[in-house]
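Asks: This one is work00.csv, CSV, C-alpha atoms and all ligand atoms.
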```csv
chain,number,residue,atom,x,y,z
A,1,MET,CA,-118.5,-37.7,96.1
A,2,ASN,CA,-120.9,-38.3,98.9
A,3,GLU,CA,-122.4,-34.9,98.3
A,4,LEU,CA,-122.8,-35.7,94.6
A,5,MET,CA,-124.4,-39.0,95.4
A,6,SER,CA,-126.9,-37.4,97.8
A,7,VAL,CA,-127.8,-34.7,95.2
A,8,GLU,CA,-128.3,-37.4,92.6
A,9,THR,CA,-130.3,-39.6,95.0
A,10,GLN,CA,-132.5,-36.6,96.0
A,11,GLU,CA,-133.1,-35.8,92.3
A,12,TYR,CA,-134.0,-39.4,91.6
A,13,ILE,CA,-136.4,-39.5,94.6
A,14,ASP,CA,-138.0,-36.2,93.5
A,15,ARG,CA,-138.4,-37.6,90.0
A,16,LEU,CA,-140.0,-40.8,91.2
A,17,ALA,CA,-142.3,-38.9,93.6
A,18,HIS,CA,-143.4,-36.7,90.7
A,19,CYS,CA,-144.0,-39.8,88.4
A,20,LEU,CA,-145.9,-41.7,91.0
A,21,GLU,CA,-148.1,-38.6,91.4
A,22,VAL,CA,-148.7,-38.2,87.7
A,23,MET,CA,-149.3,-42.0,87.3
A,24,GLY,CA,-151.7,-41.8,90.2
A,25,VAL,CA,-149.9,-44.4,92.2
A,26,GLN,CA,-150.7,-43.8,95.8
A,27,ARG,CA,-147.6,-43.6,98.1
A,28,TRP,CA,-147.4,-45.4,101.4
A,29,VAL,CA,-148.7,-43.3,104.3
A,30,ARG,CA,-148.8,-44.5,107.9
A,31,ARG,CA,-152.4,-44.6,109.2
A,32,SER,CA,-153.5,-44.0,112.7
A,33,ILE,CA,-156.7,-45.6,114.2
A,34,GLY,CA,-158.7,-43.7,116.9
A,35,VAL,CA,-157.4,-40.8,118.9
A,36,GLU,CA,-153.8,-39.9,118.2
A,37,SER,CA,-151.3,-39.2,121.0
A,38,PRO,CA,-149.0,-36.2,120.7
A,39,HIS,CA,-146.3,-38.6,119.7
A,40,GLN,CA,-148.4,-40.0,116.9
A,41,GLU,CA,-149.3,-36.5,115.7
A,42,GLN,CA,-145.6,-35.7,115.6
A,43,GLU,CA,-145.0,-38.8,113.5
A,44,LYS,CA,-147.9,-37.9,111.2
A,45,ALA,CA,-146.4,-34.4,110.6
A,46,SER,CA,-143.1,-35.9,109.7
A,47,LEU,CA,-144.8,-37.9,106.9
A,48,SER,CA,-145.0,-35.0,104.5
A,49,PRO,CA,-147.5,-35.4,101.7
A,50,VAL,CA,-145.1,-33.7,99.3
A,51,ALA,CA,-141.6,-34.9,100.2
A,52,PRO,CA,-141.2,-38.6,99.4
A,53,THR,CA,-140.6,-40.7,102.5
A,54,ALA,CA,-137.8,-43.1,103.0
A,55,SER,CA,-140.1,-46.0,102.5
A,56,VAL,CA,-141.3,-44.6,99.2
A,57,ALA,CA,-137.7,-44.2,98.1
A,58,ALA,CA,-136.8,-47.7,99.2
A,59,SER,CA,-139.7,-49.3,97.4
A,60,ALA,CA,-139.3,-47.2,94.3
A,61,LEU,CA,-135.6,-47.4,93.8
A,62,PRO,CA,-134.6,-50.4,91.7
A,63,SER,CA,-132.1,-52.2,93.9
A,64,ALA,CA,-129.5,-54.7,92.9
A,65,ALA,CA,-130.2,-56.6,96.1
A,66,VAL,CA,-133.8,-57.3,95.0
A,67,ALA,CA,-134.3,-60.8,93.5
A,68,LEU,CA,-134.7,-61.2,89.8
A,69,PRO,CA,-138.3,-61.0,88.5
A,70,HIS,CA,-140.2,-64.1,87.7
A,71,VAL,CA,-139.3,-65.3,84.3
A,72,VAL,CA,-141.4,-67.6,82.2
A,73,THR,CA,-140.6,-69.6,79.2
A,74,PRO,CA,-142.0,-68.5,75.8
A,75,GLU,CA,-145.7,-69.2,75.3
A,76,PRO,CA,-146.8,-71.6,72.6
A,77,ALA,CA,-147.2,-69.9,69.3
A,78,ARG,CA,-150.7,-69.5,68.0
A,79,GLU,CA,-151.7,-71.3,64.8
A,80,ILE,CA,-150.4,-69.3,61.9
A,81,ASN,CA,-152.0,-69.4,58.5
A,82,ASP,CA,-149.0,-69.1,56.2
A,83,SER,CA,-150.9,-67.7,53.3
A,84,LEU,CA,-151.7,-64.7,55.5
A,85,THR,CA,-148.2,-64.2,56.8
A,86,ALA,CA,-146.4,-64.3,53.4
A,87,LEU,CA,-146.0,-60.5,53.4
A,88,THR,CA,-142.5,-59.8,52.2
A,89,VAL,CA,-140.9,-56.8,54.1
A,90,PRO,CA,-137.6,-55.1,53.1
A,91,ALA,CA,-134.5,-55.7,55.2
A,92,ALA,CA,-133.4,-52.1,55.6
A,93,TRP,CA,-135.1,-49.1,57.3
A,94,PRO,CA,-135.6,-46.7,54.3
A,95,GLU,CA,-137.3,-49.4,52.2
A,96,LEU,CA,-139.2,-50.7,55.2
A,97,GLN,CA,-140.6,-47.3,56.0
A,98,GLN,CA,-141.4,-46.6,52.4
A,99,GLN,CA,-143.3,-49.9,52.0
A,100,LEU,CA,-145.1,-49.3,55.2
A,101,ARG,CA,-146.4,-45.8,54.2
A,102,THR,CA,-148.2,-47.3,51.1
A,103,CYS,CA,-149.0,-50.8,52.4
A,104,GLN,CA,-152.2,-52.3,51.2
A,105,ALA,CA,-151.6,-55.8,52.5
A,106,CYS,CA,-154.7,-56.0,54.6
A,107,PRO,CA,-158.2,-54.5,54.7
A,108,LEU,CA,-157.2,-51.8,57.2
A,109,CYS,CA,-155.6,-49.9,54.4
A,110,GLN,CA,-159.1,-48.8,53.3
A,111,ASP,CA,-160.0,-47.2,56.7
A,112,ARG,CA,-156.8,-45.4,57.7
A,113,GLN,CA,-155.8,-41.8,57.0
A,114,GLN,CA,-152.1,-42.7,57.4
A,115,VAL,CA,-149.9,-45.6,58.4
A,116,LEU,CA,-148.3,-45.1,61.9
A,117,VAL,CA,-144.6,-45.8,61.3
A,118,GLY,CA,-142.5,-46.1,64.5
A,119,GLU,CA,-140.7,-43.2,66.0
A,120,GLY,CA,-137.7,-42.5,68.2
A,121,ASP,CA,-134.1,-43.7,68.5
A,122,LEU,CA,-133.3,-46.5,66.1
A,123,GLN,CA,-130.3,-47.4,68.2
A,124,SER,CA,-132.2,-47.6,71.5
A,125,THR,CA,-132.0,-50.5,73.8
A,126,TRP,CA,-135.7,-49.9,74.9
A,127,LEU,CA,-138.5,-50.8,72.5
A,128,PHE,CA,-142.1,-49.9,73.5
A,129,ILE,CA,-144.9,-51.4,71.5
A,130,THR,CA,-148.5,-50.2,71.7
A,131,ASP,CA,-151.6,-51.8,70.2
A,132,TYR,CA,-152.9,-49.9,67.1
A,133,PRO,CA,-153.7,-46.3,66.2
A,134,ASP,CA,-156.8,-44.7,67.6
A,135,ALA,CA,-158.6,-41.9,65.8
A,136,ASP,CA,-156.3,-39.1,67.2
A,137,GLU,CA,-153.2,-41.0,66.2
A,138,ASP,CA,-154.6,-41.8,62.8
A,139,ALA,CA,-155.4,-38.1,62.2
A,140,GLN,CA,-152.2,-36.7,63.6
A,141,GLY,CA,-149.7,-39.4,62.5
A,142,GLN,CA,-148.1,-39.6,65.9
A,143,ILE,CA,-148.3,-42.1,68.8
A,144,PHE,CA,-150.0,-40.6,71.9
A,145,PRO,CA,-150.4,-37.1,70.4
A,146,VAL,CA,-152.8,-35.7,72.9
A,147,PRO,CA,-153.0,-35.3,76.7
A,148,PRO,CA,-153.8,-36.8,79.1
A,149,LEU,CA,-152.6,-40.0,77.3
A,150,ARG,CA,-149.4,-38.3,76.2
A,151,ALA,CA,-148.7,-37.0,79.7
A,152,LEU,CA,-149.3,-40.4,81.3
A,153,PHE,CA,-147.0,-42.2,78.8
A,154,GLU,CA,-144.3,-39.6,79.3
A,155,ALA,CA,-144.6,-40.0,83.1
A,156,ILE,CA,-144.2,-43.7,82.7
A,157,LEU,CA,-141.0,-43.2,80.7
A,158,HIS,CA,-139.7,-40.6,83.1
A,159,SER,CA,-140.1,-43.0,86.0
A,160,MET,CA,-137.6,-45.2,84.3
A,161,GLY,CA,-135.2,-42.4,83.4
A,162,LEU,CA,-136.3,-42.5,79.8
A,163,LYS,CA,-137.7,-40.0,77.3
A,164,ARG,CA,-139.5,-40.3,74.0
A,165,THR,CA,-136.3,-39.4,72.2
A,166,THR,CA,-134.3,-42.2,74.0
A,167,ILE,CA,-136.6,-45.1,73.2
A,168,TYR,CA,-138.1,-46.5,70.0
A,169,LEU,CA,-141.9,-46.5,70.0
A,170,THR,CA,-144.0,-48.4,67.6
A,171,MET,CA,-147.4,-50.1,67.1
A,172,ALA,CA,-148.2,-53.7,66.8
A,173,VAL,CA,-150.7,-53.0,64.0
A,174,LYS,CA,-150.0,-49.9,62.0
A,175,CYS,CA,-153.4,-48.8,60.7
A,176,HIS,CA,-156.5,-47.5,62.4
A,177,PRO,CA,-159.6,-49.7,62.3
A,178,LEU,CA,-162.9,-47.8,61.9
A,179,LYS,CA,-165.9,-48.1,64.2
A,180,SER,CA,-163.9,-48.7,67.4
A,181,ARG,CA,-163.2,-52.2,66.5
A,182,SER,CA,-159.9,-54.1,67.2
A,183,PRO,CA,-157.9,-55.4,64.3
A,184,SER,CA,-159.0,-59.0,63.4
A,185,VAL,CA,-156.6,-61.9,64.0
A,186,LYS,CA,-156.0,-62.1,60.3
A,187,GLU,CA,-155.1,-58.4,60.1
A,188,GLN,CA,-152.7,-58.8,63.1
A,189,GLN,CA,-151.1,-61.8,61.5
A,190,ILE,CA,-150.4,-60.0,58.3
A,191,CYS,CA,-149.0,-56.8,60.0
A,192,ARG,CA,-146.8,-58.9,62.3
A,193,ALA,CA,-144.2,-59.2,59.6
A,194,TYR,CA,-143.4,-55.4,60.0
A,195,LEU,CA,-143.1,-55.6,63.8
A,196,ALA,CA,-140.8,-58.6,63.5
A,197,ARG,CA,-138.5,-56.7,61.1
A,198,GLU,CA,-138.5,-53.7,63.3
A,199,ILE,CA,-137.3,-55.9,66.3
A,200,GLU,CA,-134.7,-57.5,64.0
A,201,LEU,CA,-133.3,-54.1,63.0
A,202,ILE,CA,-133.4,-52.4,66.4
A,203,GLN,CA,-132.2,-55.4,68.5
A,204,PRO,CA,-133.5,-53.9,71.7
A,205,LYS,CA,-132.4,-55.2,75.1
A,206,MET,CA,-135.8,-54.8,76.6
A,207,ILE,CA,-139.3,-54.7,75.1
A,208,ILE,CA,-142.3,-53.2,76.9
A,209,ALA,CA,-145.6,-54.3,75.4
A,210,LEU,CA,-148.4,-51.9,76.2
A,211,GLY,CA,-151.8,-53.5,75.8
A,212,SER,CA,-153.3,-56.8,74.7
A,213,VAL,CA,-152.8,-56.6,71.0
A,214,ALA,CA,-149.2,-55.5,71.4
A,215,THR,CA,-148.6,-58.4,73.8
A,216,GLN,CA,-150.3,-61.0,71.7
A,217,GLN,CA,-148.4,-59.8,68.6
A,218,VAL,CA,-145.0,-59.8,70.1
A,219,LEU,CA,-145.5,-63.1,71.9
A,220,ASN,CA,-147.3,-64.6,69.0
A,221,THR,CA,-150.1,-65.9,71.2
A,222,GLN,CA,-153.8,-65.4,71.8
A,223,GLN,CA,-153.6,-65.7,75.6
A,224,GLU,CA,-155.1,-62.8,77.5
A,225,LEU,CA,-153.0,-60.0,78.8
A,226,LYS,CA,-154.1,-60.5,82.3
A,227,THR,CA,-152.5,-63.9,82.4
A,228,LEU,CA,-149.3,-62.7,80.7
A,229,ARG,CA,-148.5,-59.4,82.5
A,230,GLY,CA,-146.4,-59.3,85.6
A,231,GLN,CA,-143.9,-61.8,84.3
A,232,LEU,CA,-141.0,-61.6,81.9
A,233,HIS,CA,-141.3,-63.4,78.6
A,234,PHE,CA,-138.8,-63.8,75.8
A,235,TYR,CA,-139.0,-62.9,72.1
A,236,GLU,CA,-138.7,-66.0,70.0
A,237,LYS,CA,-135.1,-67.2,69.3
A,238,GLN,CA,-133.5,-63.8,69.9
A,239,ASN,CA,-133.9,-64.1,73.7
A,240,ILE,CA,-135.0,-60.5,74.1
A,241,PRO,CA,-136.9,-60.0,77.4
A,242,ILE,CA,-140.5,-58.7,77.1
A,243,MET,CA,-142.6,-57.2,79.8
A,244,PRO,CA,-146.3,-57.1,79.0
A,245,THR,CA,-148.4,-54.5,80.8
A,246,PHE,CA,-151.5,-52.4,80.5
A,247,HIS,CA,-152.0,-49.8,77.8
A,248,PRO,CA,-152.1,-46.2,79.1
A,249,HIS,CA,-155.5,-45.7,77.6
A,250,TYR,CA,-156.8,-48.6,79.8
A,251,LEU,CA,-155.2,-46.8,82.8
A,252,LEU,CA,-157.2,-43.7,82.2
A,253,HIS,CA,-160.4,-45.7,82.6
A,254,ARG,CA,-159.1,-48.0,85.3
A,255,PRO,CA,-156.7,-45.8,87.4
A,256,ILE,CA,-156.7,-48.5,90.1
A,257,GLU,CA,-154.5,-50.6,87.8
A,258,LYS,CA,-151.7,-48.0,87.7
A,259,ARG,CA,-149.9,-49.7,90.6
A,260,LYS,CA,-149.7,-53.0,88.6
A,261,VAL,CA,-148.1,-51.1,85.7
A,262,TRP,CA,-145.6,-49.5,88.1
A,263,GLN,CA,-144.7,-53.0,89.5
A,264,ASP,CA,-144.3,-54.4,86.0
A,265,LEU,CA,-142.0,-51.6,85.0
A,266,GLN,CA,-139.9,-52.0,88.1
A,267,GLN,CA,-139.4,-55.6,87.3
A,268,ALA,CA,-138.4,-54.8,83.8
A,269,TYR,CA,-136.0,-52.1,84.9
A,270,ARG,CA,-134.4,-54.3,87.5
A,271,TYR,CA,-133.9,-57.1,85.0
A,272,TYR,CA,-132.5,-54.6,82.4
A,273,GLN,CA,-130.0,-53.1,84.9
A,274,GLN,CA,-128.9,-56.5,86.2
A,275,SER,CA,-128.4,-57.8,82.7
A,276,LYS,CA,-126.5,-54.7,81.8
A,277,ASN,CA,-124.2,-54.9,84.9
A,278,GLY,CA,-123.6,-58.6,84.2
A,279,ASN,CA,-122.4,-57.8,80.7
A,280,GLU,CA,-120.0,-55.0,81.9
N,1,LIG,FE1,-150.3,-53.0,55.9
N,1,LIG,FE2,-150.3,-53.4,58.6
N,1,LIG,FE3,-151.7,-51.4,57.6
N,1,LIG,FE4,-152.5,-53.8,57.2
N,1,LIG,S1,-152.4,-52.8,59.1
N,1,LIG,S2,-152.4,-52.2,55.6
N,1,LIG,S3,-150.6,-54.9,57.0
N,1,LIG,S4,-149.4,-51.6,57.5
```
Take the structure I supplied and represent it as structure tokens, if you would.

Replies:
Amino acid sequence: MNELMSVETQEYIDRLAHCLEVMGVQRWVRRSIGVESPHQEQEKASLSPVAPTASVAASALPSAAVALPHVVTPEPAREINDSLTALTVPAAWPELQQQLRTCQACPLCQDRQQVLVGEGDLQSTWLFITDYPDADEDAQGQIFPVPPLRALFEAILHSMGLKRTTIYLTMAVKCHPLKSRSPSVKEQQICRAYLAREIELIQPKMIIALGSVATQQVLNTQQELKTLRGQLHFYEKQNIPIMPTFHPHYLLHRPIEKRKVWQDLQQAYRYYQQSKNGNE
């Protein structure tokens, strides 16, 4: 039993070390100032740059002993124009996906090549939401189709013991806007009906919102991501926890923010595990 546990733990530590490396999160390394004594040199040698240290494992492993993450009450909903949110969406998956593929409810239908319908496990307890399709996603009909974005997203999943096939992945707005613009607030409001139905059908136990549009859509707010991330929120009346964090695309341009994403995901993972253990 102990042997099995140590093998599993080592595998987990190796996996985390790999994910931290791919995500570009720097691991803790002891620094020495000035001339090093033989004893210090010996210590330095023991802090292998490849093998994860005990301190890395301790900080990376989600622990039941760690306090619950900070939880905030739902943010006030933004002003909704009812005439724009009157989109009727089917209650069942096949009809929902069919309607999505031919949707012309907002001006974005004129610019897209195809609608990005969600993908993955419809029974999953994990729902990941990203902002809206970029040009590659619009052309290929898949979310995160090309590296390095794909590799980074998969590393993020891997760090949580997840894979693309074990989550459900969708977009807050399903069609690609031309000229590198973001979807307007009106377009977001119209498309939100689809996201709401997906959440209703999947009934996830944890939602990760990647990016500001995803966060604003799922929280029905116009507050900025930087004020929302790092804390758990809850989805309307269904009490589903939501962790907002940065979009992988943003991390490619601002790698220094990867640590914050790592911290956000740790919080989400801990809360998920503690909720799960509490229900068993
Ligand atoms: Fe329809 Fe949403 Fe695409 Fe607008 S963005 S056309 S509402 S699927």

Asks: Considering only C-alpha atoms, can you say which of A:Arg192, A:His249, A:Lys163, A:Lys174 comes closest to A:Pro148?

Replies: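 So, comparing all the options, the nearest one is A:His249.
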
Asks: Around ligand LIG 1 (chain N), out to 10 Å and counting all atoms listed in the file, which residues are there? I want them as a ChimeraX atom specification.

Replies: /A:84-85,87,97,99-112,114-117,132-133,171-177,183,186-195

Asks: Measuring atom to atom with all atoms listed in the file, identify which of A:Glu137, A:Asp121, A:Glu198, A:Asp131 is nearest to A:Leu225.

Replies: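 Among the listed residues, the smallest separation from A:Leu225 belongs to A:Asp131.
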
Asks: Take atom CA of A:Ile207 and atom CA of A:Ile242 and report the distance between them in Å, one decimal.

Replies: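 Atom CA of A:Ile207 sits 4.6 Å away from atom CA of A:Ile242.
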
Asks: Find the residue from A:Arg254, A:Arg197, A:Lys205, A:Lys237 that sits nearest to A:Ala268; use all atoms listed in the file when measuring.

Replies: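 Of all the options, A:Lys205 lies closest to A:Ala268.
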
Asks: To one decimal in Å, tell me the separation between atom CA of A:His247 and atom CA of A:Glu200.

Replies: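 Pair atom CA of A:His247 / atom CA of A:Glu200 returns 23.4 Å.
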
Asks: Could you name the residues that touch A:Val146 at 10 Å or less, counting all atoms listed in the file, but leaving out those on the same chain fewer than 5 positions away, as a list of chain:residue names?

Replies: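 The contact residues come out as A:Asp136, A:Glu137, A:Gln140, A:Ala151.
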
Asks: State, in Å with one decimal place, the distance from atom CA of A:Val185 to atom CA of A:Phe234.

Replies: 21.4 Å

Asks: Can you work out which one of A:Pro248, A:Gly118, A:Pro94, A:Pro147 has the shortest atom-to-atom distance to A:Ile167, counting all atoms listed in the file?

Replies: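 Nearest to A:Ile167: A:Gly118.
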